[in-house]
Amino acid sequence: MRKRVLCLGNDLLADDALGPLVARRLRLLDLPGVEVVETAETGFYLLESFLDCTSLLVVDTIVSGNFPPGTVRLLREEDVATIPGSSPHYVGLFEALTLGRALKLSAPEKVTLLVVEAADCCTLGGAMHPAVEKAIASVAEMVCASITEPRARA
Amino acid sequence: MPEKTTATLKEAVEQSAAKANQEYMRRRITIDPITRLEGHGKIEVFLDEAGEVERAYFQVPELRGFERFAQGRLAEDMPQITSRICGVCPTAHHMASTKALDDLFKVDPPPVAKKIRELVYSTFMAEDHALHFYFLGGPDFVVGPEAPAAERNILGVIGKVGVEVGKKVIAMRRRLRELIALAGGKVVHPVLGLPGGVAKAFTAEMQKQFQDVAREAVGFAEFTLQVFESVVLKNSDYVNLILSDNYTHRTYYMGLVDMSNRVNFYDGNIRVVKPDGKEWRQFHAQEYLDYIAEHVEPWSYVKFCYLKPVGWKGFTEGPESGIYSVAPMARLNVADRMATPLAQEAYKKFFAALGGKPVHHTLANHWARVVELLYAAERMKELAEDPELTDPNVRTLPSEKPKEGVGVVEAPRGTLIHHYQTDERGVITKANLIVATQNNAARIAMSVEKAAKGLITRGQVPDGVLNKIEMAFRAYDPCHGCATHSLPGSMPLILRVLDHKGEPVAVLKRDVDGTIRRS
């Protein structure tokens with residue numbers, strides 16, 4: 001079973017740096033049997049990032065507006081809307097995942113999401129919100145816990 | 001010199017160097033408060049006293065704050081930094097930035113370096129256009145504009161073209177990306193371009209790999225053109241939609257052309273044609289400020305590009321208005337022909353079917369994109385077969401003091417300009433970017449307004465307005481690469497209607513799952 005942690009985000013864009021920063025912390029831990037991938041790509045460009053693994057844990061920021069910045073949540077795929085491409089122009093991870101599955105490519109069956117509520121993912125060169133920055137360490141710990149205990153749930 | 005004095009002098013020099021470095025580092029890392037990017041996927045409609053649409057616009061995100069962000073950084077870092085701003089077209093930023101550095105250091109790369117750059121760039125254009133046609137534009141044209149909303153998505157496209165074709169698209173794209181990584185070091189953020197050349201020479205083996213994939217890419221592009229012809233052109237409803245007045249604006253067009261006025265993605269002059277298709281001006285990228293100006297409206301902080309000598313006459317079309325458009329259809333409009341034989345045939349067919357040059361129908365961008373896909377693949381093949389490609393002399397070393405440089409390329413979404421000014425060390429004092437979507441911003445606003453005017457009357461806002469407006473701006477392929485990483489990844493579309501006093505009349509929001517909510 002190939003386990004992969006996919007950390008999404010752009011470290012030039014304020015809180016969006018969370019994913020790459022978690023990835024860098026995880027690499028230091030050198031987790032056995034776990035592949036850590038970080039990318040700033042979006043939409044369909046993510047396709048290759050999740051092929052050829054059986055279990056995928058995605059680390060990213062989320063802007064739901066329903067939680068204070070820094071709130072960490074563990075979600076299953078079905079917790080997040082997965083209807084593909086209501087607007088073909090704004091494709092995201094799930095559209096890419098749907099495409100991968102529809103084409104019978106080696107897309108993972110199980111996808112778990114570890115998300116942190118962000119305050120700002122738009123400001124070029126902006127600082128991270130202190131609460132989001134603080135979440136980096138706990139997210140890295142949660143990734144380790146969730147990988148060693150596959151049945152972990154929020 | 002006495003030892004003590006030497007020591008004092010050394011100390012003084014070190015202190016001064018430390019202070020200078022500290023100052024440099026401070027400028028490097030200090031980020032002043034900068035304006036946020038515009039809200040994404042946000043449409044604002046302003047009504048007059050009678051409740052009729054006075055103006056409407058779609059907020060186009062810009063790389064706001066970039067100028068400040070770049071200040072104090074070394075110019076030679078820009079190809080790496082700018083390619084990381086956007087998750088959709090990093091290669092375009094990398095190449096425009098590299099070309100700006102050539103100009104900044106007044107250095108002319110050796111011929112082989114230019115060929116390698118153009119070869120990698122053509123590979124990137126082929127990859128991006130293929131992906132866009134099938135999976136982004138596909139739901140409108142392959143599935144069909146009249147298909148139920150539930151089918152107008154990726155699964156609908158696969159249902160129509162079949163799993164095998166879908167796999168073919170993905171496999172082609174993968175091979176093209178592998179080539180970019182082979183030549184550029186990395187696919188996402190290439191490290192190929194250096195001022196005066198490229199970082200890596202081609203080996204015979206690399207050349208062979210490019211030749212093999214380029215041949216496949218030409219076949220793939222021809223196949224894609226057949227798909228377009230059989231699915232779209234044989235359906236009169238689609239053709240009528242392309243030709244309909246709702247999606248037509250008679251504006252100026254801009255794009256790069258080579259010495260023979262043929263489409264070129266990597267280099268050449270910027271050519272602008274008038275709404276009647278005749279050449280208006282042709283100029284070097286370095287002169288862009290004489291021709292391109294930015295208009296600011298009080299109700300938006302989007303900067304709308306327009307042709308400076310023509311002037312800003314509001315959101316109107318025609319030869320008196322400086323509004324222009326970029327992207328695939330604009331590129332075909334400004335060129336006299338294509339530089340490769342198969343693309344030239346496709347180009348002739350494009351204009352013959354759409355009533356001659358120029359074509360003003362925004363939705364024709366989808367077709368123009370396929371013509372360009374064929375050109376990109378053919379150009380790849382030509383360059384990959386060039387016997388000079390393995391020449392190891394891939395760099396001319398810069399020797400001039402830097403001051404100012406401008407670089408231009410045609411990004412998949414249109415003309416992209418990078419402009420840097422530096423001090424004598426090459427530290428950036430001023431930077432400016434004109435991205436493709438900014439060039440199109442005024443025309444996109446007009447398209448959105450036309451759709452809004454057609455649907456909103458006497459203050460009544462029907463739910464269907466969202467989809468119709470979306471069709472109007474989608475063909476431009478406006479870039480929303482920034483800030484879309486955050487989950488859920490897909491972006492909601494929000495429409496706000498404001499009355500003449502600026503009070504909200506209605507807010508419609510379409511969530512990522514397609515639900516339309518009104519508040």
# chains A, B, ... in the order shown; residues from 1 in each chain; ligands from 1
call {"tool": "residues_around", "arguments": {"residues": "segment 65-68 of chain A", "least_positions_apart": "3", "cutoff": "9 Å", "atoms": "only C-alpha atoms", "output": "list in words"}}
result
Ile62, Thr71, Glu117, Ala118, Ala119 and Ala131 of chain A
call {"tool": "write_last_selection", "arguments": {"atoms": "C-alpha atoms", "output": "compact mmCIF listing (two decimals), in the first residue's frame"}}
result
# COMPACT_ATOMS: atom_id res chain seq x y z
CA ILE A 62 -9.69 26.06 3.58
CA THR A 71 -9.01 25.66 13.16
CA GLU A 117 -9.10 27.41 8.24
CA ALA A 118 -7.20 30.31 6.69
CA ALA A 119 -7.66 34.05 7.10
CA ALA A 131 -3.12 31.02 14.52
call {"tool": "residues_around", "arguments": {"residues": "Phe220 of chain B", "least_positions_apart": "4", "cutoff": "10 Å", "atoms": "only C-alpha atoms", "output": "tab-separated table (two decimals) with C-alpha atoms, in the first residue's frame"}}
result
chain	number	residue	atom	x	y	z
B	130	ALA	CA	-4.84	20.50	-25.12
B	168	LYS	CA	-5.12	9.77	-24.84
B	169	VAL	CA	-5.36	13.43	-23.75
B	172	MET	CA	-0.18	13.16	-24.37
B	214	ALA	CA	6.65	16.17	-31.30
B	215	ARG	CA	5.60	13.75	-34.06
B	216	GLU	CA	2.98	12.30	-31.75
B	224	THR	CA	-8.26	17.22	-31.95
B	225	LEU	CA	-9.11	19.38	-34.93
B	226	GLN	CA	-11.18	16.51	-36.32
B	373	LEU	CA	-2.45	23.62	-30.66
B	374	LEU	CA	-1.60	22.34	-34.15
B	377	ALA	CA	3.00	20.87	-32.16
call {"tool": "residues_around", "arguments": {"residues": "Leu105 of chain A", "least_positions_apart": "4", "cutoff": "9 Å", "atoms": "only C-alpha atoms", "output": "count of residues only"}}
result
6
call {"tool": "residues_around", "arguments": {"residues": "Leu113 of chain A", "least_positions_apart": "4", "cutoff": "8 Å", "atoms": "only C-alpha atoms", "output": "PDB file with N, CA and C atoms, in the first residue's frame"}}
result
ATOM      1  N   LEU A  57      -3.555  11.465   1.729  1.00  0.00           N
ATOM      2  CA  LEU A  57      -3.938  12.447   2.742  1.00  0.00           C
ATOM      3  C   LEU A  57      -3.556  13.823   2.194  1.00  0.00           C
ATOM      4  N   VAL A  58      -4.555  14.698   2.058  1.00  0.00           N
ATOM      5  CA  VAL A  58      -4.301  16.027   1.503  1.00  0.00           C
ATOM      6  C   VAL A  58      -4.220  17.041   2.636  1.00  0.00           C
ATOM      7  N   VAL A  59      -3.180  17.830   2.640  1.00  0.00           N
ATOM      8  CA  VAL A  59      -3.049  18.909   3.631  1.00  0.00           C
ATOM      9  C   VAL A  59      -3.214  20.230   2.888  1.00  0.00           C
ATOM     10  N   ASP A  60      -4.151  21.053   3.338  1.00  0.00           N
ATOM     11  CA  ASP A  60      -4.384  22.320   2.636  1.00  0.00           C
ATOM     12  C   ASP A  60      -5.070  23.297   3.572  1.00  0.00           C
ATOM     13  N   LEU A  74     -10.230  17.312  10.280  1.00  0.00           N
ATOM     14  CA  LEU A  74      -9.934  16.141   9.459  1.00  0.00           C
ATOM     15  C   LEU A  74     -11.228  15.757   8.751  1.00  0.00           C
ATOM     16  N   LEU A  75     -11.226  15.784   7.455  1.00  0.00           N
ATOM     17  CA  LEU A  75     -12.450  15.525   6.704  1.00  0.00           C
ATOM     18  C   LEU A  75     -12.270  14.309   5.803  1.00  0.00           C
ATOM     19  N   ARG A  76     -13.393  13.640   5.538  1.00  0.00           N
ATOM     20  CA  ARG A  76     -13.358  12.584   4.533  1.00  0.00           C
ATOM     21  C   ARG A  76     -13.818  13.197   3.214  1.00  0.00           C
ATOM     22  N   GLU A  77     -13.562  12.500   2.142  1.00  0.00           N
ATOM     23  CA  GLU A  77     -13.906  13.047   0.829  1.00  0.00           C
ATOM     24  C   GLU A  77     -15.386  13.400   0.747  1.00  0.00           C
TER      25      GLU A  77
END
call {"tool": "residues_around", "arguments": {"residues": "Ala107 of chain A", "least_positions_apart": "3", "cutoff": "10 Å", "atoms": "only C-alpha atoms", "output": "PyMOL selection string"}}
result
chain A and resi 47-56+96-104+110-111
call {"tool": "write_last_selection", "arguments": {"atoms": "N, CA and C atoms", "output": "PDB file, in the first residue's frame"}}
result
ATOM      1  N   LEU A  47      -3.320  16.441 -11.322  1.00  0.00           N
ATOM      2  CA  LEU A  47      -3.603  15.038 -11.643  1.00  0.00           C
ATOM      3  C   LEU A  47      -2.447  14.098 -11.310  1.00  0.00           C
ATOM      4  N   GLU A  48      -1.269  14.432 -11.779  1.00  0.00           N
ATOM      5  CA  GLU A  48      -0.127  13.524 -11.559  1.00  0.00           C
ATOM      6  C   GLU A  48       0.248  13.410 -10.080  1.00  0.00           C
ATOM      7  N   SER A  49      -0.152  14.416  -9.309  1.00  0.00           N
ATOM      8  CA  SER A  49       0.261  14.414  -7.898  1.00  0.00           C
ATOM      9  C   SER A  49      -0.407  13.314  -7.090  1.00  0.00           C
ATOM     10  N   PHE A  50      -1.536  12.811  -7.571  1.00  0.00           N
ATOM     11  CA  PHE A  50      -2.181  11.783  -6.742  1.00  0.00           C
ATOM     12  C   PHE A  50      -2.309  10.434  -7.445  1.00  0.00           C
ATOM     13  N   LEU A  51      -1.712  10.301  -8.622  1.00  0.00           N
ATOM     14  CA  LEU A  51      -1.767   8.991  -9.276  1.00  0.00           C
ATOM     15  C   LEU A  51      -0.748   8.048  -8.626  1.00  0.00           C
ATOM     16  N   ASP A  52      -1.003   6.753  -8.797  1.00  0.00           N
ATOM     17  CA  ASP A  52      -0.089   5.707  -8.322  1.00  0.00           C
ATOM     18  C   ASP A  52       0.099   5.694  -6.809  1.00  0.00           C
ATOM     19  N   CYS A  53      -0.972   5.980  -6.075  1.00  0.00           N
ATOM     20  CA  CYS A  53      -0.909   5.728  -4.632  1.00  0.00           C
ATOM     21  C   CYS A  53      -2.261   5.155  -4.218  1.00  0.00           C
ATOM     22  N   THR A  54      -2.283   4.409  -3.137  1.00  0.00           N
ATOM     23  CA  THR A  54      -3.544   3.790  -2.729  1.00  0.00           C
ATOM     24  C   THR A  54      -4.238   4.594  -1.644  1.00  0.00           C
ATOM     25  N   SER A  55      -3.455   5.323  -0.875  1.00  0.00           N
ATOM     26  CA  SER A  55      -4.060   6.124   0.182  1.00  0.00           C
ATOM     27  C   SER A  55      -3.491   7.537   0.116  1.00  0.00           C
ATOM     28  N   LEU A  56      -4.391   8.493   0.128  1.00  0.00           N
ATOM     29  CA  LEU A  56      -3.947   9.876  -0.038  1.00  0.00           C
ATOM     30  C   LEU A  56      -4.458  10.748   1.103  1.00  0.00           C
ATOM     31  N   ALA A  96     -10.245  16.946 -10.597  1.00  0.00           N
ATOM     32  CA  ALA A  96      -9.086  16.193 -11.099  1.00  0.00           C
ATOM     33  C   ALA A  96      -9.178  14.735 -10.651  1.00  0.00           C
ATOM     34  N   LEU A  97      -9.620  14.543  -9.409  1.00  0.00           N
ATOM     35  CA  LEU A  97      -9.768  13.197  -8.862  1.00  0.00           C
ATOM     36  C   LEU A  97     -10.857  12.429  -9.619  1.00  0.00           C
ATOM     37  N   THR A  98     -11.972  13.118  -9.871  1.00  0.00           N
ATOM     38  CA  THR A  98     -13.071  12.497 -10.607  1.00  0.00           C
ATOM     39  C   THR A  98     -12.610  12.090 -12.002  1.00  0.00           C
ATOM     40  N   LEU A  99     -11.842  12.974 -12.624  1.00  0.00           N
ATOM     41  CA  LEU A  99     -11.325  12.682 -13.966  1.00  0.00           C
ATOM     42  C   LEU A  99     -10.423  11.448 -13.922  1.00  0.00           C
ATOM     43  N   GLY A 100      -9.528  11.432 -12.953  1.00  0.00           N
ATOM     44  CA  GLY A 100      -8.609  10.302 -12.818  1.00  0.00           C
ATOM     45  C   GLY A 100      -9.357   8.986 -12.660  1.00  0.00           C
ATOM     46  N   ARG A 101     -10.415   9.010 -11.859  1.00  0.00           N
ATOM     47  CA  ARG A 101     -11.192   7.782 -11.629  1.00  0.00           C
ATOM     48  C   ARG A 101     -11.992   7.399 -12.868  1.00  0.00           C
ATOM     49  N   ALA A 102     -12.592   8.429 -13.516  1.00  0.00           N
ATOM     50  CA  ALA A 102     -13.407   8.149 -14.704  1.00  0.00           C
ATOM     51  C   ALA A 102     -12.562   7.547 -15.826  1.00  0.00           C
ATOM     52  N   LEU A 103     -11.318   7.959 -15.891  1.00  0.00           N
ATOM     53  CA  LEU A 103     -10.439   7.433 -16.947  1.00  0.00           C
ATOM     54  C   LEU A 103      -9.741   6.151 -16.503  1.00  0.00           C
ATOM     55  N   LYS A 104     -10.145   5.678 -15.342  1.00  0.00           N
ATOM     56  CA  LYS A 104      -9.581   4.439 -14.784  1.00  0.00           C
ATOM     57  C   LYS A 104      -8.056   4.514 -14.667  1.00  0.00           C
ATOM     58  N   LYS A 110      -9.184   5.995  -1.492  1.00  0.00           N
ATOM     59  CA  LYS A 110      -9.477   6.682  -0.236  1.00  0.00           C
ATOM     60  C   LYS A 110      -8.699   7.997  -0.155  1.00  0.00           C
ATOM     61  N   VAL A 111      -9.465   9.067   0.072  1.00  0.00           N
ATOM     62  CA  VAL A 111      -8.819  10.373   0.203  1.00  0.00           C
ATOM     63  C   VAL A 111      -9.273  11.015   1.517  1.00  0.00           C
TER      64      VAL A 111
END
call {"tool": "residues_around", "arguments": {"residues": "segment 134-149 of chain A", "least_positions_apart": "3", "cutoff": "10 Å", "atoms": "only C-alpha atoms", "output": "ChimeraX atom specification"}}
result
/A:3-5,17-26,29,31,33-34,55-60,69-74,112-117,128-131,152-154
